[in-house]
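*Asks:* Handing you a structure now.
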Amino acid sequence: MVHNAYDSFQLLKDCPARIDAVESYGSKLFAGCYDGSLRIYSPESSASDRSLPSELHQQSYVLETTVAGFSKKPIVAMEVLASRELLLSLSESIAFHGLPNLETVAVITKAKGANAYSWDDRRGFLCFARQKRVCVFKHDGGGGFVEVRDYGVPDTVKSISWCGENICLGVRKEYVILNTANGTLSEVFPSGRVAPPLVISLPSGELLLGKENIGVFVDQNGKLLQTERICWSESPTAIVIQNPYAIALLPRRVEVRLLRSPYPLIQTIVLQNIRRLVKSNNAVIVGLDNSVHVLFPVSIGAQIVQLTASGNFEEALALCKLLPPEESSLRAAKESSIHTRFAHYLFENGSYEEAMEHFLASQVDITHVLSMYPSIILPKTTIIPQPDKMVDISGDEASLSRGSSGMSDDMDSSSPRYYLESEDNADLESKKMSHNTLMALIKYLQKKRPGIIEKATSEGTEEVISDAVGKTYGAYDSSKSKKSNKGRGTIPLNSGAREMAAILDTALLQALLHTGQSGAATELLKGVNYCDVKICEEILMKSKNYSALLELFKSNSMHHEALKLLTQLSEETKSNQSQTEATQIFSPELIIEYLKPLCRTDPMLVLEYSMLVLESCPTQTIDLFLSGNISADLVNSYLKQHAPNMQGRYLELMMAMNETAVSGNLQNEMVQIYLSEVLDLHSAKTAQQKWDDKDHPPERKKLLSALESISGYSPQTLLKRLPRDALYEERAVILGKMNQHELALSIYVHKLHAPDLALAYCDRIYESVSYLPSGKPSSNIYLTLLQIYLNPKKSAKDFAKRIVALGSFESSDTTKMMESVLSSKAKGGRSKKIVAIDSAEDIRAGLNSSTDSGRSDVDAEEPMEEGNSTVMISEVLDLLSQRWERINGAQALKLLPRETKLQNLLPFLAPLLRNSSEAHRNFSVIKSLRQSESLQVKEELYKHRKGVAKVTSESMCSLCNKKIGTSVFAVYPNGKTLVHFVCFKDSQGMKAVSKTSHGRRR
């Protein structure tokens, strides 16, 4: 016997006649005897105490009355139908008697010879078996029963029970399901050969079918529900279900089993000559030959105490679910205590994972579980209970058992205590830190973690909000917060949730490291965590787990510490001072990866530590600046101070990514850097007398490209830095940026002797003006070049004045500069002097001159000297032939010398005239097409204006609904709606009045 689920008590003894049937009605006991009499017994105290509840009492019963001749034959079975106040009895037939006076209500004569019946109280249906027939009757609500149907079965029915709308029958060799709708039979499985079939209906609507000493569970259709079976000691003759137990009547005893897998034996009650086993409202009645015993259930609380004391924790937990709802708080405390004791029991016996599951269910504080692992270091601010100070649950067990049952208090003193010191300390410590115990702890902590972290996070959020509105909780000091102290393990003493989170995460990290799960430890630190930094840093440094240590620093905003560590590891790797695997994986790129998220929050920190890897990883570092959206001015200033050699490269990448996003100051800075490089190169080669202004080394190419493509620099500043005897091409580009196109073209033509560059320059200016939204194509720039070719004989004085006005040189250097700029060797080796060009009177010579003027640069040009030998006539003709479509022909012809031969102008005039003729023809065609289109539109308009309205004798006015007849009518624009003209005028007048009145109302 495991524990006492029932207390057996003898209610009556020495009955004069053999008792064949027994039933209870309230506090009374009905005994159906072999002689056909019905004896009614009641408790001895019922005569004096009328307030006793309507249930059986645990005291002696005395005979109250005897109903002789209740039936002619022995009573086989009885059942009280409490909802209808009827007593059903099976004897020679089935009879119904009213309660409490036992007057006969109905006798079903067709049930004569019936040997089994089943009553469906919900529907009021009665089914019984007689020989090989099954009959169904229905209670009509009064005193009568109406036959519903009669079914034939293959053999004599031994046991019968309703199962929903169907009936389960236990015949001689098998179990069958009878469908009451159509009378079909469905086989379930064969019954036992020795024991008779036994059909028991369960409270859930399912069935328990007996096969010898086995109980099989099936649903209402006979389908097997589960593989588990109830195995009785012997074949039962009757079974009573009283949750959570199944009580079976065996030949020599009553057996009680838990109605839950694996259906263990709970209690055995030995009684002799048992004839009946009947369920009462609060007990189980056991009928013997001449006496009646009642099995009163022991209170749930007392049973829980017994089971816990004997170590049957699972059964005790199952019984906790049966405690009444009004004791929910007591039940929760009880379950928690049992789970805790069960967990300690399992832990000591090596079932670590199961133990942790019960610790979870008990909701015990995690410090209680962690106290079982003394090798795990926890924050010092936390008070950890000693392992031998477990929660004492005997007190509430005693009160529960005493309050719910009359059992002795000795039960409490017999409860075993599962202390952690029950084994040898050394062996126990080694067991506690074994791999299996730590793995179980990890699973436990991981399941507890989400709820604790959520509470800690919400607590921190509440404190931040309260600080924002100027309120604090108690004596909370924001300077002690986890993040403000860089996560150094200092947690506010009143921050319970975060303190618990720190304990959990610190322990979890250590357990992961002890079990070799370094990757999992790193993942833990990557997310939101509350690990104690001081403890974890020491452990990670000792184990050389630098990856996890970096994540620890990062999660606690200790970026300086993390970057210092990364720098140290990178240097060790570079110098090969340490050959361990931990340091070999660290490289400067990891510093860059670490810095990326900090670009927005701490750009100065990024700049400080990026300088350490700028030389080894220049491209990645500059990409870091660009991708991190750090202020370009800030980066440029920092590079200029700490790494000037990388400043130009950074600005180049900035320009390549998005030129418009780079400020003019930075553009000017980049061009100045390029110019400095070229000037350094010029100085070096000039000192070696190797400088040639026609050479274009990479530095000059880069400078020229920047001068042409970038628009944000200051041309005047650059112009002052140029040497007076070199870098003429750069000077021309800069003069072009200042809209000094005439000077720029003069350098290309007379100094560089590069007509192709001059032409390309004119093309750029022409196209830039053409593509402006409000700009118009202008040929002035080509006419300017044409003037330079045609009129080179101007004084150098005017040209020098314009150069001095630009601020490029001091006036004292003008003469030397002009000698350098305006002196060159003639083509083909012949020397000649080329003087400055005098601009036409209408050409704007100021600093703000532009090429998009509406009038020509050569209007009112002074007549040129004919026969001038210095006119560059070949270049003029080439320009006219190549760009004839961009030059105003009339103005160009005015500028040409009079002695120019018409034959030489053929390449210029032929396409020009051809293009003009073609344009004239095209315009004529367009004019004709537009005239034709106009005529078509007019024709279509006339068609739409032409309309026909057909008026017949049946035509009706759409306003007055009268016939049009011969009256004057009007037609609406749709051409179909006809109205009287008078009606139309009236409707128009009404509309005008309504509009006027509406306007007045406004």
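To be explicit about the labels: the chains of the structure tokens are called A, B, and onward in the order shown, and within each one the residues are counted from 1, while ligands get numbers from 1 in the order they are shown.
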Extract, using only C-alpha atoms, all DNA, RNA and protein residues at most 12 Å from A:His696, discarding same-chain residues fewer than 2 positions from it, and format them as a PyMOL selection string.
*Replies:* chain A and resi 678+681-682+691-694+698-705+727+729-730
*Asks:* Which polymer residues have any atom within 8 Å of an atom of stretch 952-963 of chain A, counting only C-alpha atoms, with same-chain residues fewer than 5 positions away left out, as an MDAnalysis selection string?
*Replies:* chainID A and resid 977:980 983:984
*Asks:* Skipping near chain neighbours, those fewer than 5 positions away, what residues fall within 12 Å of A:Arg260 using only C-alpha atoms, listed as a VMD selection string?
*Replies:* chain A and resid 217 226 228 to 230 243 to 246 265 to 266 314 to 315 318 to 319
*Asks:* What does the distance from atom CA of A:Asn182 to atom CA of A:Gly141 come to in Å, to one decimal?
*Replies:*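 Separation between atom CA of A:Asn182 and atom CA of A:Gly141: 25.3 Å.
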*Asks:* Apply DSSP to the structure's backbone, then extract all residues of stretch 266-322 of chain A labelled helix (DSSP H, G or I) and return them as a ChimeraX atom specification.
*Replies:* /A:300-310,313-320
*Asks:* Mind pulling up the distance from atom CA of A:Gly26 to atom CA of A:Glu79?
*Replies:*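 Between atom CA of A:Glu79 and atom CA of A:Gly26 the gap is 12.7 Å.
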*Asks:* For A:Asn665, please output as JSON, numbers by chain all residues within 9 Å (counting only C-alpha atoms; exclusion window: fewer than 5 positions along the same chain).
*Replies:* {"A": [633, 670, 712, 713, 714]}
*Asks:* So, with only C-alpha atoms as the atoms that count, which of A:Leu29, A:Ala361, A:Ile300, A:Leu81 lies closest to A:Ala333?
*Replies:*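 Checking each candidate against A:Ala333, we get A:Ala361 as the closest.
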*Asks:* Hey, can you check how far atom CA of A:Leu88 sits from atom CA of A:Gly113?
*Replies:*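 Distance reported for this atom pair: 15.5 Å.
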*Asks:* Using only C-alpha atoms, which protein or nucleic acid residues come within 9 Å of A:Ala77? Drop anything in the same chain fewer than 6 positions from it, and give the result as a ChimeraX atom specification.
*Replies:* /A:20-23,32,88-91,116,276
